[in-house]
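Visitor: One file: target_19.cif (mmCIF, C-alpha atoms).
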data_target
#
loop_
_atom_site.label_atom_id
_atom_site.label_comp_id
_atom_site.auth_asym_id
_atom_site.auth_seq_id
_atom_site.Cartn_x
_atom_site.Cartn_y
_atom_site.Cartn_z
CA GLY V 1 82.59 101.57 85.00
CA VAL V 2 86.09 100.51 86.09
CA ALA V 3 88.19 103.11 87.93
CA MET V 4 91.89 102.25 88.34
CA PRO V 5 94.43 104.34 90.28
CA THR V 6 97.42 104.57 87.94
CA LYS V 7 99.32 103.13 85.02
CA ASP V 8 102.63 103.76 86.80
CA LEU V 9 102.68 100.33 88.44
CA GLN V 10 102.73 97.21 86.28
CA ARG V 11 100.09 95.43 88.31
CA TRP V 12 97.37 98.06 87.72
CA ASN V 13 97.91 97.87 83.97
CA GLN V 14 97.42 94.13 84.21
CA ASP V 15 94.38 94.47 86.48
CA GLY V 16 92.70 96.92 84.13
CA THR V 17 93.46 94.85 81.04
CA ASN V 18 92.27 91.63 82.65
CA MET V 19 89.12 93.26 84.02
CA LYS V 20 88.16 94.84 80.70
CA ALA V 21 88.75 91.61 78.78
CA GLU V 22 86.76 89.50 81.26
CA LEU V 23 83.86 91.97 81.34
CA GLU V 24 83.70 92.33 77.56
CA ALA V 25 83.81 88.55 77.19
CA ALA V 26 80.80 88.44 79.52
CA GLY V 27 78.94 90.89 77.25
CA TYR V 28 79.45 94.21 79.03
CA THR V 29 80.46 97.56 77.58
CA VAL V 30 83.35 98.82 79.69
CA ASP V 31 84.42 102.35 80.60
CA LEU V 32 87.97 101.83 81.95
CA GLN V 33 89.72 104.88 83.40
CA TYR V 34 93.15 105.38 85.00
CA ALA V 35 93.66 108.39 87.29
CA SER V 36 97.46 108.91 87.25
CA ASN V 37 97.49 108.75 91.07
CA ASP V 38 95.56 112.04 91.09
CA ILE V 39 92.68 111.91 93.58
CA ASN V 40 90.81 114.80 91.97
CA GLN V 41 91.08 113.12 88.60
CA GLN V 42 89.67 109.89 89.99
CA VAL V 43 86.79 111.78 91.62
CA SER V 44 86.01 113.41 88.28
CA GLN V 45 86.20 110.10 86.42
CA ILE V 46 83.77 108.43 88.81
CA GLU V 47 81.44 111.43 88.67
CA ASN V 48 81.34 111.03 84.89
CA MET V 49 80.65 107.31 85.19
CA VAL V 50 77.80 107.99 87.59
CA SER V 51 76.30 110.58 85.25
CA GLU V 52 76.43 108.24 82.22
CA PRO V 53 75.11 106.28 84.18
CA VAL V 54 76.91 102.96 84.41
CA ASP V 55 75.09 99.90 85.75
CA CYS V 56 77.85 98.96 88.18
CA LEU V 57 81.04 100.55 89.49
CA VAL V 58 84.31 98.74 90.18
CA VAL V 59 86.72 101.06 92.01
CA ALA V 60 90.40 100.57 92.85
CA SER V 61 90.95 103.77 94.79
CA ILE V 62 94.01 105.97 95.13
CA ASP V 63 92.89 106.97 98.63
CA GLY V 64 90.06 104.84 99.98
CA SER V 65 88.60 107.68 102.06
CA SER V 66 88.55 110.34 99.33
CA LEU V 67 85.61 109.23 97.19
CA SER V 68 82.64 109.58 99.52
CA THR V 69 80.83 112.25 97.48
CA PRO V 70 80.77 110.52 94.05
CA LEU V 71 80.12 107.17 95.71
CA SER V 72 77.18 108.62 97.62
CA ASP V 73 75.83 109.98 94.32
CA ALA V 74 76.18 106.50 92.82
CA LYS V 75 74.36 104.95 95.75
CA ALA V 76 71.54 107.49 95.41
CA LYS V 77 71.14 106.40 91.78
CA GLY V 78 71.06 102.74 92.79
CA ILE V 79 74.42 101.92 91.19
CA PRO V 80 76.08 99.00 93.01
CA ILE V 81 79.72 99.53 93.96
CA ILE V 82 82.52 96.97 94.27
CA ALA V 83 85.77 98.01 95.94
CA TYR V 84 88.56 96.35 93.95
CA ASP V 85 91.62 95.24 95.95
CA ARG V 86 91.65 98.50 97.95
CA LEU V 87 88.91 98.99 100.51
CA LEU V 88 86.72 102.08 100.15
CA THR V 89 86.68 103.53 103.67
CA ASP V 90 84.53 105.86 105.76
CA THR V 91 81.48 105.45 103.53
CA ASP V 92 78.36 103.31 103.48
CA ALA V 93 78.28 103.60 99.66
CA VAL V 94 80.05 100.34 98.94
CA ASP V 95 78.34 96.98 98.47
CA TYR V 96 81.15 94.46 98.10
CA TYR V 97 84.93 94.14 98.27
CA ALA V 98 87.02 91.85 96.06
CA THR V 99 90.63 91.45 97.12
CA PHE V 100 93.37 89.13 98.25
CA ASP V 101 93.93 88.22 101.89
CA ASN V 102 96.24 91.15 102.43
CA GLU V 103 97.11 90.44 106.05
CA GLU V 104 98.21 87.00 104.85
CA VAL V 105 100.42 88.70 102.25
CA GLY V 106 102.23 90.42 105.11
CA ARG V 107 102.40 87.27 107.19
CA ILE V 108 104.01 85.40 104.28
CA GLN V 109 106.66 88.12 104.02
CA GLY V 110 107.29 88.25 107.75
CA LYS V 111 107.41 84.47 108.10
CA TYR V 112 109.94 84.26 105.28
CA ILE V 113 112.30 86.53 107.21
CA VAL V 114 111.69 84.57 110.43
CA ASP V 115 112.46 81.28 108.68
CA GLN V 116 115.48 82.48 106.70
CA LEU V 117 117.14 84.05 109.75
CA LYS V 118 115.94 81.23 112.04
CA LEU V 119 114.70 83.83 114.49
CA ALA V 120 112.62 81.39 116.51
CA ASP V 121 115.83 79.50 117.40
CA ALA V 122 118.11 82.52 117.84
CA LYS V 123 120.50 82.17 120.77
CA ALA V 124 120.68 84.80 123.47
CA GLY V 125 122.68 87.79 122.30
CA THR V 126 122.22 87.05 118.59
CA THR V 127 121.03 90.07 116.63
CA TYR V 128 120.15 90.82 113.01
CA ASN V 129 119.80 94.23 111.39
CA ILE V 130 116.57 94.94 109.49
CA GLU V 131 114.95 97.96 107.86
CA LEU V 132 111.25 98.29 107.00
CA PHE V 133 109.48 99.67 103.93
CA THR V 134 105.75 99.77 103.34
CA GLY V 135 103.40 101.59 100.97
CA ASP V 136 101.23 104.63 100.53
CA PRO V 137 99.50 105.81 103.72
CA GLY V 138 96.29 106.44 101.76
CA ASP V 139 96.14 102.81 100.63
CA ASN V 140 94.26 100.76 103.22
CA ASN V 141 96.09 97.65 102.00
CA ALA V 142 99.40 99.06 103.19
CA GLN V 143 98.05 99.01 106.75
CA LEU V 144 96.97 95.37 106.29
CA PHE V 145 100.35 94.33 104.87
CA TRP V 146 102.03 96.05 107.82
CA LYS V 147 99.78 94.31 110.32
CA GLY V 148 100.52 90.90 108.85
CA ALA V 149 104.26 91.36 108.44
CA ILE V 150 105.12 93.50 111.46
CA THR V 151 102.39 93.45 114.11
CA ASP V 152 101.53 89.77 113.72
CA THR V 153 104.96 88.37 112.84
CA LEU V 154 108.13 90.44 113.26
CA GLN V 155 107.21 92.77 116.12
CA GLN V 156 107.94 90.17 118.80
CA TYR V 157 111.52 89.83 117.51
CA ILE V 158 111.97 93.61 117.33
CA ASP V 159 110.68 93.91 120.90
CA SER V 160 113.01 91.18 122.14
CA GLY V 161 116.02 92.77 120.45
CA VAL V 162 116.79 89.89 118.09
CA LEU V 163 115.84 92.15 115.17
CA VAL V 164 117.50 95.56 115.34
CA VAL V 165 116.20 98.50 113.30
CA LYS V 166 119.31 100.68 113.42
CA SER V 167 117.51 103.66 111.88
CA GLY V 168 114.92 103.57 114.67
CA GLN V 169 112.23 103.88 111.98
CA LYS V 170 109.85 101.21 113.24
CA ASP V 171 106.37 102.73 112.96
CA PHE V 172 104.13 102.69 109.89
CA ALA V 173 104.33 106.44 109.23
CA SER V 174 108.14 106.45 109.21
CA CYS V 175 108.28 103.49 106.85
CA ALA V 176 105.48 104.51 104.45
CA THR V 177 106.29 105.19 100.79
CA ALA V 178 104.09 107.78 99.07
CA GLU V 179 102.37 106.33 95.99
CA TRP V 180 104.50 103.18 96.41
CA LYS V 181 107.12 104.89 94.23
CA THR V 182 110.38 103.10 93.50
CA GLU V 183 112.26 106.40 93.42
CA THR V 184 110.96 107.37 96.86
CA ALA V 185 111.97 104.04 98.37
CA GLN V 186 115.38 104.28 96.71
CA ALA V 187 115.99 107.77 98.09
CA ARG V 188 115.04 106.66 101.60
CA MET V 189 117.30 103.60 101.38
CA ASP V 190 120.13 105.85 100.18
CA ASP V 191 119.67 107.92 103.34
CA LEU V 192 119.52 104.85 105.60
CA ILE V 193 122.72 103.41 104.17
CA SER V 194 124.63 106.68 104.39
CA SER V 195 123.40 107.36 107.93
CA TYR V 196 123.61 103.92 109.53
CA TYR V 197 125.48 101.45 107.32
CA ALA V 198 128.17 103.47 105.52
CA ASP V 199 130.89 101.86 107.65
CA GLY V 200 130.09 98.43 106.23
CA THR V 201 127.65 97.44 108.97
CA LYS V 202 125.70 94.43 107.70
CA ILE V 203 122.04 94.65 106.72
CA ASP V 204 120.51 91.21 107.17
CA ALA V 205 117.01 91.90 105.85
CA VAL V 206 114.79 94.59 104.35
CA MET V 207 111.09 93.97 104.71
CA CYS V 208 109.43 95.54 101.66
CA SER V 209 105.66 95.39 101.32
CA ASN V 210 105.68 95.26 97.52
CA ASP V 211 107.91 95.00 94.47
CA SER V 212 108.07 98.68 93.56
CA THR V 213 109.50 99.54 96.99
CA ALA V 214 111.74 96.46 96.86
CA LEU V 215 113.12 97.58 93.49
CA GLY V 216 114.05 100.95 94.96
CA VAL V 217 115.82 99.24 97.85
CA GLU V 218 117.67 96.92 95.46
CA ASN V 219 118.78 99.83 93.27
CA SER V 220 120.12 101.64 96.32
CA LEU V 221 121.95 98.60 97.64
CA ALA V 222 123.62 98.04 94.28
CA GLN V 223 124.93 101.61 94.27
CA ASN V 224 125.73 102.26 97.93
CA TYR V 225 125.97 99.16 100.13
CA ASN V 226 129.31 97.59 101.06
CA GLY V 227 128.29 95.23 103.84
CA GLY V 228 129.52 92.16 101.99
CA ASN V 229 126.19 90.34 101.70
CA GLN V 230 122.92 90.60 99.81
CA PRO V 231 120.22 91.18 102.42
CA ILE V 232 117.00 89.19 102.45
CA ILE V 233 114.48 91.30 100.57
CA THR V 234 110.75 90.61 100.41
CA GLY V 235 108.26 91.84 97.83
CA GLN V 236 104.80 91.45 96.37
CA ASP V 237 103.21 91.30 92.89
CA CYS V 238 105.93 89.44 90.95
CA ASP V 239 106.60 92.42 88.70
CA LYS V 240 108.89 91.56 85.79
CA PRO V 241 111.99 93.48 86.99
CA ASN V 242 111.64 91.91 90.43
CA VAL V 243 111.26 88.37 89.10
CA LYS V 244 114.42 88.98 87.08
CA ASN V 245 116.09 90.14 90.29
CA MET V 246 114.87 87.00 92.09
CA ILE V 247 116.42 84.88 89.37
CA ALA V 248 119.65 86.88 89.72
CA GLY V 249 119.67 86.55 93.53
CA LYS V 250 119.03 90.24 94.22
CA GLN V 251 115.53 89.74 95.68
CA SER V 252 114.65 86.82 97.91
CA MET V 253 110.92 86.38 97.33
CA SER V 254 107.72 88.00 96.19
CA VAL V 255 104.09 87.27 96.99
CA PHE V 256 102.23 86.32 93.81
CA LYS V 257 98.71 87.67 93.51
CA ASP V 258 97.25 86.34 90.28
CA THR V 259 95.27 89.34 89.06
CA ARG V 260 93.59 87.12 86.46
CA GLU V 261 91.88 85.29 89.32
CA LEU V 262 90.83 88.53 91.00
CA ALA V 263 89.45 89.93 87.74
CA LYS V 264 87.56 86.70 87.07
CA GLU V 265 85.98 86.70 90.53
CA THR V 266 85.07 90.39 90.26
CA VAL V 267 83.39 89.86 86.90
CA LYS V 268 81.42 86.98 88.41
CA MET V 269 80.44 89.28 91.28
CA VAL V 270 79.23 91.93 88.81
CA GLY V 271 77.07 89.34 87.05
CA GLN V 272 75.60 88.09 90.32
CA ILE V 273 74.78 91.63 91.47
CA LEU V 274 73.11 92.68 88.22
CA SER V 275 71.12 89.46 87.90
CA GLY V 276 69.91 89.62 91.49
CA SER V 277 71.67 86.37 92.37
CA THR V 278 73.42 85.55 95.63
CA VAL V 279 76.88 87.13 95.54
CA ASP V 280 79.80 84.87 96.40
CA THR V 281 81.77 86.13 99.39
CA THR V 282 84.23 84.55 101.80
CA GLU V 283 82.66 83.37 105.04
CA GLY V 284 83.96 85.51 107.88
CA GLY V 285 85.87 87.67 105.41
CA ALA V 286 83.99 90.95 105.81
CA TYR V 287 86.08 94.09 106.38
CA ASN V 288 84.94 97.04 108.46
CA ASN V 289 85.61 100.26 106.54
CA GLY V 290 84.90 102.64 109.41
CA LYS V 291 81.19 102.82 108.59
CA ILE V 292 79.98 99.33 107.70
CA ASP V 293 81.15 95.74 107.43
CA VAL V 294 81.71 95.21 103.71
CA PRO V 295 81.02 91.65 102.42
CA THR V 296 84.28 90.45 100.87
CA TYR V 297 85.60 87.82 98.49
CA LEU V 298 89.19 86.88 99.33
CA CYS V 299 91.57 85.39 96.78
CA THR V 300 94.61 83.51 98.08
CA PRO V 301 98.14 84.96 97.76
CA VAL V 302 100.99 82.55 96.96
CA PHE V 303 104.67 82.51 97.91
CA ALA V 304 107.10 82.85 94.98
CA ASP V 305 110.88 82.67 94.74
CA ALA V 306 113.59 81.55 92.31
CA SER V 307 112.75 77.90 92.92
CA ASN V 308 109.09 77.99 91.85
CA TYR V 309 108.63 81.03 89.59
CA LYS V 310 108.59 78.90 86.41
CA GLN V 311 105.66 76.84 87.65
CA LEU V 312 103.74 79.82 89.00
CA LEU V 313 104.42 82.43 86.34
CA ILE V 314 105.48 80.75 83.10
CA ASP V 315 103.67 77.41 83.12
CA SER V 316 100.45 79.25 84.07
CA GLY V 317 100.81 81.65 81.13
CA TYR V 318 101.15 84.74 83.33
CA TYR V 319 104.52 85.50 81.70
CA THR V 320 106.54 84.03 78.84
CA GLU V 321 110.17 83.00 79.06
CA ALA V 322 110.97 86.02 76.91
CA ASP V 323 109.32 88.37 79.43
CA LEU V 324 111.87 87.33 82.03
CA ALA V 325 114.93 86.98 79.82
#
Taking this structure as input, can you express it in the form of structure tokens?

Guide:
Amino acid sequence: GVAMPTKDLQRWNQDGTNMKAELEAAGYTVDLQYASNDINQQVSQIENMVSEPVDCLVVASIDGSSLSTPLSDAKAKGIPIIAYDRLLTDTDAVDYYATFDNEEVGRIQGKYIVDQLKLADAKAGTTYNIELFTGDPGDNNAQLFWKGAITDTLQQYIDSGVLVVKSGQKDFASCATAEWKTETAQARMDDLISSYYADGTKIDAVMCSNDSTALGVENSLAQNYNGGNQPIITGQDCDKPNVKNMIAGKQSMSVFKDTRELAKETVKMVGQILSGSTVDTTEGGAYNNGKIDVPTYLCTPVFADASNYKQLLIDSGYYTEADLA
């Protein structure tokens, strides 16, 4: 049983397709369900999978803390559970976690801004304006992206005054974007520009945790911003519209997470679990979910921009030239 959160974001469509293809190629019958970002729907879908019953559950949650009841039922039936890319939290009914190094995703984004603005060498009195956008508060990954990008990387420059957040919106809750929606990020950026940058004040950077939020920011800038420059904008997932924007100079970078690799490793994990073999995990990579330390396999995220997207995305077969035309 494979439970995915939504079809609204390109990456989850790709994850589901890749997972189903890999599992079927390995000989499994697959029940793949998308929950339209509706928690109750995902609960119901997993309940149905447990009652079938499936032999193994792979769950990419909408809200990692909302599935304790159906997961507990699965555990009681002896069904192993893999959290897929989003950690299942506040439950002991999870066996493994397959994901990317999500704090590293944030660090890559934060370091890009540090390097592009040369913050480490900034002279006294030099300041740069930045605004911050992250993801859904129910997605544990959003907290990890924030930690990598802000807490570990950019916070020191905000504290020293080199980076100025003119809106004053510097905490996770203020910068979160419900369901990672492009429209929500765009509306918030509209408000920020009208409130703090309408006079042509320059925005030097916008730290966006993923491509759907970045796209909203880019749409807003195109319609409302008159600061005379294109700010540095980060992203994640290399969604098609965002890669096109990178090529056009509207987005600076994105973190590429090859979902084919994650699907492949998850399928291998399923096989190892069901055959009673040792399950491959990353040494020292376990994540505490509030109840237990969950053994984890970490895939490696990769930096992407206009200079290397052809090698990463086209030469590897992830996209075709036509996809990005």

Visitor: Hey, which of V:Tyr287, V:Thr151, V:Asn37, V:Tyr318 ends up closest to Leu9 in chain V? Count only C-alpha atoms.

Guide: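 Smallest separation from Leu9 in chain V among the options: V:Asn37.
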
Visitor: Determine the residue membership of the PyMOL selection byres ((chain V and resi 33) around 12) for the file above and supply it as a ChimeraX atom specification.

Guide: /V:1-7,12-13,15-17,19-20,30-32,34-37,41-49,57-61

Visitor: Using all atoms listed in the file, which residue out of V:Ser209, V:Asn288, V:Ser72, V:Thr266 lies closest to Cys238 in chain V?

Guide: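 Looking at the shortest contact to Cys238 in chain V, the residue is V:Ser209.
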
Visitor: For a quick check of understanding, using all atoms listed in the file, which of V:Gly135, V:Gly168, V:Gly78, V:Gly148 has the smallest distance to Lys181 in chain V?

Guide: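 When distances to Lys181 in chain V are compared using all atoms listed in the file, the smallest one comes from V:Gly135.
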
Visitor: Given only C-alpha atoms as the basis, pick out the residue of V:Asp38, V:Asp90, V:Glu265, V:Asp258 nearest to Thr282 in chain V.

Guide: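 Closest candidate: V:Glu265.
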
Visitor: What are the closest atom pairs, with distances in Å to one decimal, for each residue of range 93-173 of chain V lying within 9 Å of range 291-309 of chain V, using only C-alpha atoms, rows by chain and rising residue number, as JSON lines?

Guide:
{"residue": "V:Val94", "atom": "CA", "partner": "V:Val294", "partner_atom": "CA", "distance": 7.2}
{"residue": "V:Asp95", "atom": "CA", "partner": "V:Val294", "partner_atom": "CA", "distance": 6.5}
{"residue": "V:Tyr96", "atom": "CA", "partner": "V:Pro295", "partner_atom": "CA", "distance": 5.2}
{"residue": "V:Tyr97", "atom": "CA", "partner": "V:Thr296", "partner_atom": "CA", "distance": 4.6}
{"residue": "V:Ala98", "atom": "CA", "partner": "V:Tyr297", "partner_atom": "CA", "distance": 4.9}
{"residue": "V:Thr99", "atom": "CA", "partner": "V:Leu298", "partner_atom": "CA", "distance": 5.3}
{"residue": "V:Phe100", "atom": "CA", "partner": "V:Cys299", "partner_atom": "CA", "distance": 4.4}
{"residue": "V:Asp101", "atom": "CA", "partner": "V:Leu298", "partner_atom": "CA", "distance": 5.6}
{"residue": "V:Asn102", "atom": "CA", "partner": "V:Pro301", "partner_atom": "CA", "distance": 8.0}
{"residue": "V:Glu104", "atom": "CA", "partner": "V:Pro301", "partner_atom": "CA", "distance": 7.4}
{"residue": "V:Val105", "atom": "CA", "partner": "V:Pro301", "partner_atom": "CA", "distance": 6.3}
{"residue": "V:Ile108", "atom": "CA", "partner": "V:Phe303", "partner_atom": "CA", "distance": 7.0}
{"residue": "V:Gln109", "atom": "CA", "partner": "V:Phe303", "partner_atom": "CA", "distance": 8.5}

Visitor: Please supply range 266-287 of chain V, rebuilt with N, CA, C and O atoms, as a compact mmCIF listing (two decimals), in the frame of the given file.

Guide:
# COMPACT_ATOMS: atom_id res chain seq x y z
N THR V 266 85.79 89.11 90.25
CA THR V 266 85.07 90.39 90.26
C THR V 266 84.02 90.43 89.17
O THR V 266 82.90 90.90 89.39
N VAL V 267 84.36 89.92 87.99
CA VAL V 267 83.39 89.86 86.90
C VAL V 267 82.21 88.97 87.28
O VAL V 267 81.05 89.30 87.02
N LYS V 268 82.50 87.86 87.94
CA LYS V 268 81.42 86.98 88.41
C LYS V 268 80.54 87.71 89.42
O LYS V 268 79.30 87.61 89.39
N MET V 269 81.18 88.50 90.29
CA MET V 269 80.44 89.28 91.28
C MET V 269 79.53 90.30 90.60
O MET V 269 78.36 90.48 91.01
N VAL V 270 80.04 90.97 89.57
CA VAL V 270 79.23 91.93 88.81
C VAL V 270 77.98 91.25 88.25
O VAL V 270 76.86 91.74 88.38
N GLY V 271 78.19 90.07 87.63
CA GLY V 271 77.07 89.34 87.05
C GLY V 271 76.04 88.94 88.09
O GLY V 271 74.83 89.03 87.86
N GLN V 272 76.52 88.50 89.25
CA GLN V 272 75.60 88.09 90.32
C GLN V 272 74.81 89.28 90.84
O GLN V 272 73.61 89.17 91.10
N ILE V 273 75.47 90.43 90.98
CA ILE V 273 74.78 91.63 91.47
C ILE V 273 73.69 92.05 90.49
O ILE V 273 72.54 92.28 90.87
N LEU V 274 74.05 92.13 89.21
CA LEU V 274 73.11 92.68 88.22
C LEU V 274 71.98 91.72 87.88
O LEU V 274 70.93 92.14 87.40
N SER V 275 72.19 90.43 88.15
CA SER V 275 71.12 89.46 87.90
C SER V 275 70.27 89.20 89.13
O SER V 275 69.30 88.44 89.08
N GLY V 276 70.66 89.82 90.25
CA GLY V 276 69.91 89.62 91.49
C GLY V 276 70.19 88.30 92.17
O GLY V 276 69.45 87.88 93.05
N SER V 277 71.30 87.65 91.77
CA SER V 277 71.67 86.37 92.37
C SER V 277 72.43 86.58 93.68
O SER V 277 72.87 87.69 94.00
N THR V 278 72.60 85.50 94.42
CA THR V 278 73.42 85.55 95.63
C THR V 278 74.87 85.81 95.23
O THR V 278 75.40 85.16 94.32
N VAL V 279 75.51 86.76 95.88
CA VAL V 279 76.88 87.13 95.54
C VAL V 279 77.85 86.30 96.37
O VAL V 279 77.72 86.22 97.60
N ASP V 280 78.81 85.69 95.70
CA ASP V 280 79.80 84.87 96.40
C ASP V 280 80.73 85.75 97.23
O ASP V 280 81.36 86.68 96.70
N THR V 281 80.81 85.46 98.52
CA THR V 281 81.77 86.13 99.39
C THR V 281 82.42 85.08 100.29
O THR V 281 81.95 83.95 100.38
N THR V 282 83.50 85.47 100.93
CA THR V 282 84.23 84.55 101.80
C THR V 282 83.62 84.59 103.19
O THR V 282 83.49 85.66 103.79
N GLU V 283 83.27 83.44 103.71
CA GLU V 283 82.66 83.37 105.04
C GLU V 283 83.62 83.94 106.08
O GLU V 283 84.79 83.55 106.15
N GLY V 284 83.12 84.88 106.85
CA GLY V 284 83.96 85.51 107.88
C GLY V 284 84.96 86.50 107.33
O GLY V 284 85.83 86.97 108.06
N GLY V 285 84.85 86.83 106.04
CA GLY V 285 85.87 87.67 105.41
C GLY V 285 85.50 89.13 105.30
O GLY V 285 86.19 89.89 104.62
N ALA V 286 84.41 89.56 105.93
CA ALA V 286 83.99 90.95 105.81
C ALA V 286 85.02 91.89 106.45
O ALA V 286 85.65 91.56 107.45
N TYR V 287 85.17 93.08 105.85
CA TYR V 287 86.08 94.09 106.38
C TYR V 287 85.28 95.31 106.81
O TYR V 287 84.43 95.80 106.07
